[in-house]
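Data block for coords15.txt (compact mmCIF, C-alpha atoms):
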# COMPACT_ATOMS: atom_id res chain seq x y z
CA MET N 1 0.00 0.00 0.00
CA VAL N 2 1.53 3.36 -1.03
CA GLN N 3 1.85 6.25 1.39
CA GLU N 4 -1.21 8.11 0.05
CA GLU N 5 -3.33 4.96 0.38
CA LEU N 6 -2.14 4.49 3.96
CA GLY N 7 -3.29 7.97 4.81
CA GLU N 8 -6.67 7.53 3.11
CA ALA N 9 -7.20 4.20 4.87
CA ARG N 10 -6.52 5.79 8.25
CA LYS N 11 -8.91 8.63 7.44
CA ALA N 12 -11.61 6.13 6.55
CA VAL N 13 -11.12 4.23 9.81
CA ASP N 14 -11.21 7.42 11.88
CA ALA N 15 -14.32 8.58 10.05
CA ALA N 16 -16.05 5.25 10.73
CA LEU N 17 -15.20 5.44 14.42
CA GLN N 18 -16.40 9.00 14.59
CA LEU N 19 -19.80 7.84 13.35
CA GLN N 20 -19.81 4.65 15.45
CA PRO N 21 -17.15 4.57 18.18
CA SER N 22 -17.82 0.90 19.01
CA HIS N 23 -17.51 -0.34 15.42
CA ALA N 24 -15.55 -3.56 16.03
CA PRO N 25 -13.94 -4.04 12.58
CA ALA N 26 -12.81 -0.39 12.54
CA LEU N 27 -11.37 -0.70 16.05
CA ALA N 28 -9.46 -3.82 15.07
CA LEU N 29 -8.13 -2.17 11.92
CA ARG N 30 -7.00 0.88 13.89
CA ARG N 31 -5.10 -1.37 16.32
CA THR N 32 -3.41 -3.07 13.39
CA MET N 33 -2.47 0.30 11.90
CA ASP N 34 -0.99 1.43 15.22
CA GLU N 35 1.05 -1.76 15.44
CA CYS N 36 2.33 -1.31 11.89
CA ALA N 37 3.23 2.28 12.68
CA ALA N 38 5.27 1.06 15.65
CA VAL N 39 7.14 -1.35 13.39
CA TYR N 40 7.91 1.42 10.90
CA ALA N 41 9.09 3.70 13.74
CA THR N 42 11.38 1.02 15.17
CA GLU N 43 12.89 0.37 11.74
CA ALA N 44 13.39 4.12 11.28
CA THR N 45 15.33 4.28 14.53
CA LYS N 46 17.64 1.48 13.37
CA LEU N 47 18.19 3.20 10.01
CA ALA N 48 18.97 6.52 11.67
CA LEU N 49 21.56 4.84 13.90
CA LEU N 50 23.11 3.29 10.79
CA GLY N 51 23.50 6.75 9.27
CA LEU N 52 20.69 6.41 6.73
CA PRO N 53 18.45 9.40 7.51
CA SER N 54 16.68 9.41 4.13
CA ASP N 55 15.56 5.80 4.59
CA ALA N 56 14.58 6.57 8.17
CA ALA N 57 12.48 9.50 6.96
CA LEU N 58 10.65 7.27 4.47
CA ASN N 59 9.71 4.82 7.23
CA LEU N 60 8.62 7.66 9.49
CA GLU N 61 6.41 9.04 6.72
CA HIS N 62 4.68 5.64 6.52
CA ALA N 63 4.30 5.51 10.30
CA ARG N 64 2.90 9.04 10.37
CA LYS N 65 0.23 8.18 7.84
CA LEU N 66 -0.85 5.25 10.00
CA ARG N 67 -0.68 7.13 13.31
CA PRO N 68 -1.13 10.86 12.52
CA ALA N 69 -1.79 12.02 16.09
CA ASP N 70 1.62 10.85 17.38
CA SER N 71 3.81 13.93 17.74
CA THR N 72 6.88 11.83 18.56
CA LEU N 73 6.91 10.58 14.96
CA LEU N 74 7.03 14.16 13.74
CA VAL N 75 9.92 14.98 16.08
CA SER N 76 11.85 11.98 14.73
CA LEU N 77 11.01 12.92 11.15
CA ALA N 78 12.23 16.46 11.69
CA MET N 79 15.51 15.12 13.07
CA ALA N 80 15.90 12.91 9.99
CA PHE N 81 15.36 15.94 7.74
CA ARG N 82 17.86 17.93 9.78
CA GLN N 83 20.47 15.19 9.40
CA GLN N 84 19.96 15.40 5.63
CA GLY N 85 20.40 19.17 5.64
CA LYS N 86 16.74 19.75 4.73
CA LEU N 87 16.42 22.51 7.29
CA HIS N 88 13.27 24.21 6.04
CA GLN N 89 11.39 20.93 5.94
CA ALA N 90 12.70 20.13 9.40
CA ALA N 91 11.41 23.47 10.69
CA GLU N 92 7.95 22.89 9.24
CA VAL N 93 7.72 19.44 10.79
CA ARG N 94 8.97 20.73 14.14
CA ARG N 95 6.12 23.20 14.15
CA ALA N 96 3.61 20.44 13.46
CA ALA N 97 5.15 18.29 16.19
CA GLY N 98 4.60 21.02 18.74
CA CYS N 99 1.00 21.57 17.76
CA VAL N 100 -0.31 18.02 17.36
CA LYS N 101 -2.64 17.24 20.22
CA ALA N 102 -3.95 13.96 21.62
CA PRO N 103 -5.83 11.76 19.10
CA VAL N 104 -8.17 13.73 16.90
CA SER N 105 -10.45 12.85 14.02
CA PRO N 106 -9.99 13.55 11.22
CA PRO N 107 -6.17 13.36 11.46
CA GLN N 108 -3.85 16.32 11.09
CA PRO N 109 -2.66 17.04 7.53
CA SER N 110 0.90 16.22 6.52
CA ALA N 111 3.57 18.64 7.75
CA ARG N 112 5.42 18.48 4.44
CA HIS N 113 4.21 20.62 1.57
CA PRO N 114 6.52 19.94 -1.40
CA SER N 115 4.04 21.36 -3.88
CA LEU N 116 3.85 24.79 -2.25
CA PRO N 117 5.56 27.65 -4.06
CA LYS N 118 8.74 28.96 -2.48
CA LEU N 119 7.12 32.15 -1.17
CA ALA N 120 4.41 30.19 0.60
CA ARG N 121 7.03 27.98 2.25
CA HIS N 122 8.88 31.05 3.55
CA ARG N 123 5.62 32.46 4.92
CA MET N 124 5.06 29.18 6.73
CA LEU N 125 8.50 29.50 8.29
CA GLU N 126 7.74 33.02 9.47
CA ASP N 127 4.61 31.69 11.15
CA LEU N 128 6.36 28.82 12.96
CA LEU N 129 6.44 30.52 16.34
CA SER N 130 2.99 32.13 16.23
CA ASN N 131 1.14 29.13 17.67
CA GLY N 132 1.08 29.36 21.45
CA ASP N 133 0.15 25.71 21.85
CA CYS N 134 3.56 24.40 20.79
CA GLU N 135 5.17 22.27 23.48
CA ALA N 136 8.41 23.43 25.07
CA ALA N 137 10.41 20.46 23.83
CA SER N 138 9.34 20.98 20.24
CA ARG N 139 10.05 24.71 20.45
CA GLU N 140 13.53 23.93 21.75
CA SER N 141 14.09 21.57 18.83
CA LEU N 142 12.76 24.19 16.44
CA GLY N 143 15.38 26.53 17.86
CA LEU N 144 18.09 24.07 16.84
CA VAL N 145 16.75 23.99 13.29
CA TYR N 146 16.65 27.79 13.04
CA ASN N 147 20.21 27.93 14.37
CA ASP N 148 21.27 25.51 11.61
CA ILE N 149 19.54 27.70 9.02
CA GLY N 150 21.36 30.76 10.38
CA VAL N 151 24.72 29.01 10.20
CA GLN N 152 24.04 28.06 6.59
CA GLN N 153 23.04 31.64 5.73
CA ALA N 154 26.12 33.06 7.46
CA THR N 155 28.33 30.66 5.52
CA ASP N 156 26.69 31.94 2.33
CA GLN N 157 27.42 35.54 3.43
CA GLN N 158 23.70 36.27 3.94
CA LEU N 159 24.43 38.02 7.21
CA ASP N 160 21.19 39.96 7.67
CA ALA N 161 19.16 36.83 7.00
CA ALA N 162 21.36 34.89 9.41
CA VAL N 163 20.81 37.48 12.15
CA HIS N 164 17.07 37.05 11.64
CA SER N 165 17.29 33.25 11.81
CA PHE N 166 19.41 33.28 14.95
CA GLY N 167 16.82 35.58 16.51
CA ARG N 168 14.15 33.03 15.59
CA ALA N 169 16.26 30.33 17.22
CA ILE N 170 16.46 32.35 20.42
CA ASP N 171 12.71 33.04 20.46
CA ALA N 172 11.84 29.42 19.67
CA SER N 173 14.02 27.96 22.42
CA GLY N 174 12.55 30.13 25.16
CA VAL N 175 13.88 29.24 28.60
CA HIS N 176 15.87 26.36 27.09
CA VAL N 177 17.99 28.64 24.91
CA THR N 178 21.72 27.91 24.81
CA SER N 179 24.68 30.18 24.15
CA ALA N 180 25.06 29.06 20.51
CA PRO N 181 22.46 31.27 18.76
CA PHE N 182 23.57 34.31 20.77
CA SER N 183 27.26 33.86 19.96
CA ASN N 184 26.47 33.04 16.33
CA ARG N 185 24.30 36.13 15.97
CA ALA N 186 27.01 38.20 17.63
CA ASP N 187 29.54 36.97 15.06
CA CYS N 188 27.27 38.16 12.25
CA LEU N 189 26.58 41.50 13.96
CA ARG N 190 30.32 42.04 14.35
CA ARG N 191 30.83 41.42 10.63
CA LEU N 192 27.96 43.83 9.92
CA GLU N 193 29.81 46.45 12.03
CA ARG N 194 27.11 46.60 14.70
CA PRO N 195 29.44 46.29 17.72
CA SER N 196 27.02 47.33 20.51
CA GLU N 197 24.49 44.69 19.52
CA ALA N 198 27.24 42.12 19.06
CA LEU N 199 28.64 42.82 22.52
CA ALA N 200 25.21 42.40 24.14
CA ASP N 201 24.82 39.02 22.46
CA TYR N 202 28.32 37.89 23.43
CA GLU N 203 27.67 38.87 27.05
CA ARG N 204 24.39 36.93 27.10
CA ALA N 205 26.13 33.94 25.50
CA ALA N 206 28.83 34.09 28.19
CA GLU N 207 26.17 34.02 30.92
CA LEU N 208 24.55 30.95 29.39
CA ALA N 209 27.89 29.18 28.95
CA ALA N 210 29.13 29.89 32.48
CA ALA N 211 29.05 26.19 33.40
CA ALA N 212 30.81 25.07 30.19
CA PRO N 213 34.47 26.23 30.35
CA GLU N 214 35.36 25.36 26.76
CA ALA N 215 32.32 27.11 25.27
CA LEU N 216 32.85 30.09 27.59
CA TRP N 217 36.47 30.41 26.47
CA GLN N 218 35.43 30.43 22.80
CA ILE N 219 32.95 33.22 23.52
CA GLN N 220 35.50 35.22 25.50
CA THR N 221 38.04 35.05 22.67
CA ARG N 222 35.44 36.44 20.28
CA MET N 223 34.48 39.17 22.75
CA ALA N 224 38.14 40.03 23.00
CA MET N 225 38.37 40.54 19.24
CA LEU N 226 35.31 42.79 19.37
CA HIS N 227 36.86 44.94 22.12
CA ASN N 228 40.13 45.07 20.18
CA ASP N 229 38.25 46.22 17.07
CA SER N 230 36.58 48.93 19.13
CA GLY N 231 39.89 50.03 20.61
CA THR N 232 41.47 50.24 17.16
CA ARG N 233 38.65 52.45 15.88
CA LEU N 234 38.95 54.73 18.89
CA TYR N 235 42.73 54.95 18.57
CA ASN N 236 42.45 55.84 14.89
CA HIS N 237 40.06 58.65 15.86
CA ALA N 238 42.57 60.11 18.35
CA GLN N 239 40.68 58.84 21.43
CA ALA N 240 43.65 57.22 23.13
CA ARG N 241 42.13 57.01 26.62
CA LYS N 242 38.97 55.23 25.47
CA ALA N 243 41.07 53.07 23.18
CA ALA N 244 43.24 51.96 26.11
CA GLN N 245 40.11 51.04 28.06
CA ALA N 246 38.79 48.97 25.15
CA PHE N 247 42.14 47.16 24.79
CA SER N 248 42.06 46.47 28.55
CA ARG N 249 38.66 44.81 28.15
CA ALA N 250 40.08 42.72 25.31
CA ILE N 251 42.91 41.58 27.59
CA GLU N 252 40.46 40.74 30.37
CA CYS N 253 38.57 38.48 27.97
CA ASN N 254 41.69 36.89 26.51
CA PRO N 255 45.06 37.63 28.14
CA ARG N 256 46.97 35.38 25.74
CA VAL N 257 47.18 37.64 22.67
CA SER N 258 50.37 39.65 22.21
CA ARG N 259 48.70 42.13 19.86
CA PHE N 260 46.27 43.34 22.54
CA TYR N 261 49.12 44.35 24.87
CA LEU N 262 50.96 46.05 22.02
CA ASN N 263 47.84 48.01 21.08
CA ARG N 264 47.29 49.13 24.67
CA ALA N 265 50.94 50.12 24.93
CA GLU N 266 50.65 52.33 21.85
CA ALA N 267 47.56 53.99 23.37
CA THR N 268 49.21 54.55 26.76
CA VAL N 269 52.25 56.06 25.07
CA GLN N 270 49.90 58.68 23.65
CA LEU N 271 48.75 59.31 27.22
CA SER N 272 52.39 59.63 28.39
CA ARG N 273 52.01 56.56 30.62
CA PHE N 274 55.40 55.21 29.63
CA GLU N 275 55.88 52.74 32.50
CA LEU N 276 52.53 51.08 31.78
CA ALA N 277 53.41 50.96 28.10
CA ARG N 278 56.76 49.32 28.89
CA ASP N 279 55.09 46.69 31.07
CA ASP N 280 52.62 45.87 28.30
CA LEU N 281 55.38 45.62 25.73
CA LEU N 282 57.31 43.18 27.92
CA VAL N 283 54.21 40.99 28.22
CA ALA N 284 53.64 41.24 24.47
CA LEU N 285 57.18 40.04 23.81
CA ARG N 286 56.89 37.26 26.36
CA LEU N 287 53.80 35.98 24.53
CA ASP N 288 55.33 36.53 21.09
CA PRO N 289 59.12 37.01 21.06
CA GLY N 290 59.00 37.69 17.33
CA ASN N 291 56.70 40.70 17.66
CA HIS N 292 58.82 43.26 15.80
CA ARG N 293 56.53 46.22 16.48
CA ALA N 294 56.65 45.61 20.22
CA ARG N 295 60.43 45.27 20.20
CA THR N 296 60.83 48.50 18.21
CA LEU N 297 58.50 50.47 20.47
CA LEU N 298 60.21 49.10 23.60
CA ALA N 299 63.60 50.13 22.21
CA GLY N 300 62.28 53.66 21.78
CA LEU N 301 61.03 53.77 25.35
CA CYS N 302 64.14 52.17 26.87
CA PRO N 303 67.12 53.10 24.67
CA SER N 304 70.26 51.21 25.56
Rewritten as C-alpha cells:
Amino acid sequence: MVQEELGEARKAVDAALQLQPSHAPALALRRTMDECAAVYATEATKLALLGLPSDAALNLEHARKLRPADSTLLVSLAMAFRQQGKLHQAAEVRRAAGCVKAPVSPPQPSARHPSLPKLARHRMLEDLLSNGDCEAASRESLGLVYNDIGVQQATDQQLDAAVHSFGRAIDASGVHVTSAPFSNRADCLRRLERPSEALADYERAAELAAAAPEALWQIQTRMAMLHNDSGTRLYNHAQARKAAQAFSRAIECNPRVSRFYLNRAEATVQLSRFELARDDLLVALRLDPGNHRARTLLAGLCPS
C-alpha cells in the first residue's frame, strides 16, 4: 500500500469510528495500523543509527500516515530531515510536532508541503512561532533547526538573513535557549559592524555558557576581538584614553594575545604613561618574542 493509500485508509477508519465509536472491525483495523506504525518507527530508529536518515524518513512518513496524532513521529522525522540538511522541511515538521494534540479525528494534515511555491514555504517558516500551543520540547528543537539555518546563511554571506534566523532560534528555544544562537548572531553583527548589539549578544552567551568552560572560552576570545576592534577604531580617531580602556577589556577576555598588549601600549604612550606601556610591551614580547613592532617600540622607550 503506497503512502497516500495508507493515509486515506486511516482517514476512513477514523471517520467510521467518529460515526460509530464501538464499530468492532474499525477498532481492530485501527489497532493493526498502530502496530504497523510502531514497526515502521522502530525500523526508522535502526536506520537513523546506521547513518541512513533518508531511509529513516521514508519509514517515518509511513508511520505518520498510520498514526497521525503521534507527535513523537514528527519529532523523529524532523531530526531525519535535519540530518539530511533539509532545514526548512525540518522546521515545518517541528512546528507540526509542537502543535499536534492527543488523538483527533480527522487526522492532522501532513507537515510536508513539497508542492507549495517557495514564497508560501517562507511564509510558513515566518509563522512557525505564532502558535502558542507548541510544546516546550518541540520549540527547543525548532530553535536548533533555526540555528542551523542561520549558520548556513552566514556561511553563504547572507548576514542579515542569518541574524534574523538566529533571533528566531532564540525566540523558539525560550527558557531552554543555549549560548550558541547568541554567539552566532554576535559573530554576524560584528561582521555587519554593529558592535554594541554584538557585545550584548556575546555577554548573554557568556552568561549561558558559564558552566561550560570550553564554550565560555570560545565566547570570551570572540568578545576580546570585538573589544580590540573597538579600541582600534577609537585609537584611529585620536581617542587614546577610550582606546586603552577597550584594549584592557580585550585583555580581560583573553590575556593570551600579544597584539592586545601592544595596542594598549601604543595607546598609553599617547597618554604619556610610559611605564605602563613598557610593562605591556614586555608581556607582548613574552607571549610573542617575534613581535617586531613591540620590540621596536620598547627600544624607543628604553634606549640602551
Closest to Ala224 of chain N among N:Val257, N:Ala210, N:Leu192, N:Ala243, using only C-alpha atoms? N:Val257
Which residues, written as number ranges by chain, have at least one atom at most 9 Å from Asp148 of chain N, with only C-alpha atoms counted and residues fewer than 3 positions away on the same chain left out? N: 82, 85, 87, 143-145, 151-153, 165-166, 169
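Atom CA of Arg256 of chain N is positioned 23.9 Å from atom CA of Phe182 of chain N.
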Around the point (27.9, 43.6, 28.0) (coordinates from the file), which residues reach within 12 Å if we count only C-alpha atoms? Answer as a PyMOL selection string. chain N and resi 186+195-207+220+223-224+226-227+249+253
Would you list the contacts of segment 289-295 of chain N as a ChimeraX atom specification, taking every protein, DNA or RNA residue within 7 Å and counting all atoms listed in the file, but skipping same-chain residues closer than 5 positions in sequence? /N:262,281,284
Could the residues in this selection be saved with C-alpha atoms as a PDB file, in the coordinates of the input?
ATOM      1  CA  LEU N 262      50.960  46.050  22.020  1.00  0.00           C
ATOM      2  CA  LEU N 281      55.380  45.620  25.730  1.00  0.00           C
ATOM      3  CA  ALA N 284      53.640  41.240  24.470  1.00  0.00           C
TER       4      ALA N 284
END
Would you work out the distance separating atom CA of Arg264 of chain N from atom CA of Ala244 of chain N, expressed in Å to one decimal?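 For atom CA of Arg264 of chain N relative to atom CA of Ala244 of chain N, the distance reads 5.1 Å.
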Taking into account only C-alpha atoms, which residue in the set N:Arg168, N:Glu43, N:Ala154, N:Ala267 is nearest to Lys242 of chain N?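 Nearest candidate to Lys242 of chain N out of N:Arg168, N:Glu43, N:Ala154, N:Ala267: N:Ala267.
Using only C-alpha atoms, the shortest contact distance between Leu58 of chain N and any of N:Gln18, N:Ala44, N:Phe260, N:His176 is found at N:Ala44.
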Report, in Å with one decimal, the straight-line distance from atom CA of Leu297 of chain N to atom CA of Val283 of chain N.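 Spanning atom CA of Leu297 of chain N to atom CA of Val283 of chain N is a straight-line distance of 13.0 Å.
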(24.1, 39.9, 7.5) in this file's frame - what residues fall within 12 Å of it? Use only C-alpha atoms and give the answer as an MDAnalysis selection string. chainID N and resid 150:166 184:194
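In terms of minimum interatomic distance to Ala9 of chain N, N:Pro68 ranks closest within N:Gly167, N:Pro53, N:Pro181, N:Pro68, counting all atoms listed in the file.
By all atoms listed in the file, and with residues fewer than 3 positions from Val177 of chain N along its chain excluded, the set lying at most 8 Å from it is Glu140, Gly143, Ile170, Ser173 and Gly174 of chain N.
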Is there a way to complete segment 193-204 of chain N with all heavy atoms and then write that out as a short mmCIF file (atom, residue, chain, number, x, y, z; two decimals), keeping the file's coordinate frame?
data_model
loop_
_atom_site.label_atom_id
_atom_site.label_comp_id
_atom_site.auth_asym_id
_atom_site.auth_seq_id
_atom_site.Cartn_x
_atom_site.Cartn_y
_atom_site.Cartn_z
N GLU N 193 29.35 45.23 11.37
CA GLU N 193 29.81 46.45 12.03
C GLU N 193 28.71 47.05 12.90
O GLU N 193 28.46 48.26 12.88
CB GLU N 193 30.33 47.46 11.00
CG GLU N 193 31.53 46.94 10.22
CD GLU N 193 32.12 47.97 9.29
OE1 GLU N 193 31.56 49.08 9.19
OE2 GLU N 193 33.17 47.68 8.67
N ARG N 194 28.11 46.18 13.72
CA ARG N 194 27.11 46.60 14.70
C ARG N 194 27.63 46.15 16.08
O ARG N 194 27.10 45.25 16.69
CB ARG N 194 25.74 46.00 14.37
CG ARG N 194 25.17 46.57 13.07
CD ARG N 194 24.10 45.68 12.45
NE ARG N 194 22.94 45.49 13.29
CZ ARG N 194 21.89 44.76 12.91
NH1 ARG N 194 21.86 44.17 11.72
NH2 ARG N 194 20.86 44.61 13.73
N PRO N 195 28.71 46.79 16.56
CA PRO N 195 29.44 46.29 17.72
C PRO N 195 28.63 46.29 19.02
O PRO N 195 28.80 45.38 19.84
CB PRO N 195 30.65 47.22 17.82
CG PRO N 195 30.24 48.46 17.09
CD PRO N 195 29.34 48.00 15.99
N SER N 196 27.78 47.28 19.25
CA SER N 196 27.02 47.33 20.51
C SER N 196 26.08 46.13 20.62
O SER N 196 25.99 45.50 21.68
CB SER N 196 26.24 48.64 20.59
OG SER N 196 27.11 49.75 20.61
N GLU N 197 25.40 45.84 19.53
CA GLU N 197 24.49 44.69 19.52
C GLU N 197 25.27 43.38 19.66
O GLU N 197 24.85 42.45 20.35
CB GLU N 197 23.66 44.68 18.24
CG GLU N 197 22.71 45.86 18.10
CD GLU N 197 22.12 45.94 16.71
OE1 GLU N 197 21.13 45.24 16.45
OE2 GLU N 197 22.67 46.70 15.88
N ALA N 198 26.41 43.33 18.98
CA ALA N 198 27.24 42.12 19.06
C ALA N 198 27.71 41.89 20.49
O ALA N 198 27.68 40.76 20.99
CB ALA N 198 28.43 42.24 18.12
N LEU N 199 28.14 42.95 21.16
CA LEU N 199 28.64 42.82 22.52
C LEU N 199 27.54 42.32 23.45
O LEU N 199 27.77 41.45 24.30
CB LEU N 199 29.19 44.16 23.01
CG LEU N 199 29.74 44.16 24.44
CD1 LEU N 199 30.86 43.15 24.59
CD2 LEU N 199 30.21 45.56 24.82
N ALA N 200 26.33 42.85 23.29
CA ALA N 200 25.21 42.40 24.14
C ALA N 200 24.95 40.91 23.96
O ALA N 200 24.70 40.19 24.93
CB ALA N 200 23.95 43.21 23.80
N ASP N 201 25.03 40.45 22.72
CA ASP N 201 24.82 39.02 22.46
C ASP N 201 25.95 38.17 23.02
O ASP N 201 25.73 37.09 23.58
CB ASP N 201 24.67 38.76 20.96
CG ASP N 201 23.24 38.92 20.48
OD1 ASP N 201 22.34 39.18 21.32
OD2 ASP N 201 23.01 38.78 19.27
N TYR N 202 27.19 38.64 22.88
CA TYR N 202 28.32 37.89 23.43
C TYR N 202 28.19 37.79 24.96
O TYR N 202 28.47 36.73 25.55
CB TYR N 202 29.64 38.56 23.08
CG TYR N 202 30.15 38.29 21.69
CD1 TYR N 202 30.70 39.30 20.92
CD2 TYR N 202 30.12 37.00 21.16
CE1 TYR N 202 31.20 39.05 19.64
CE2 TYR N 202 30.61 36.74 19.88
CZ TYR N 202 31.14 37.77 19.13
OH TYR N 202 31.63 37.51 17.86
N GLU N 203 27.80 38.88 25.60
CA GLU N 203 27.67 38.87 27.05
C GLU N 203 26.58 37.90 27.50
O GLU N 203 26.75 37.18 28.49
CB GLU N 203 27.39 40.28 27.55
CG GLU N 203 28.60 41.21 27.42
CD GLU N 203 28.30 42.63 27.83
OE1 GLU N 203 27.08 42.98 27.88
OE2 GLU N 203 29.23 43.41 28.08
N ARG N 204 25.46 37.87 26.76
CA ARG N 204 24.39 36.93 27.10
C ARG N 204 24.86 35.49 26.86
O ARG N 204 24.58 34.60 27.68
CB ARG N 204 23.15 37.23 26.25
CG ARG N 204 21.98 36.29 26.51
CD ARG N 204 21.54 36.31 27.94
NE ARG N 204 20.39 35.44 28.16
CZ ARG N 204 20.20 34.74 29.27
NH1 ARG N 204 21.08 34.79 30.26
NH2 ARG N 204 19.13 33.97 29.40
#
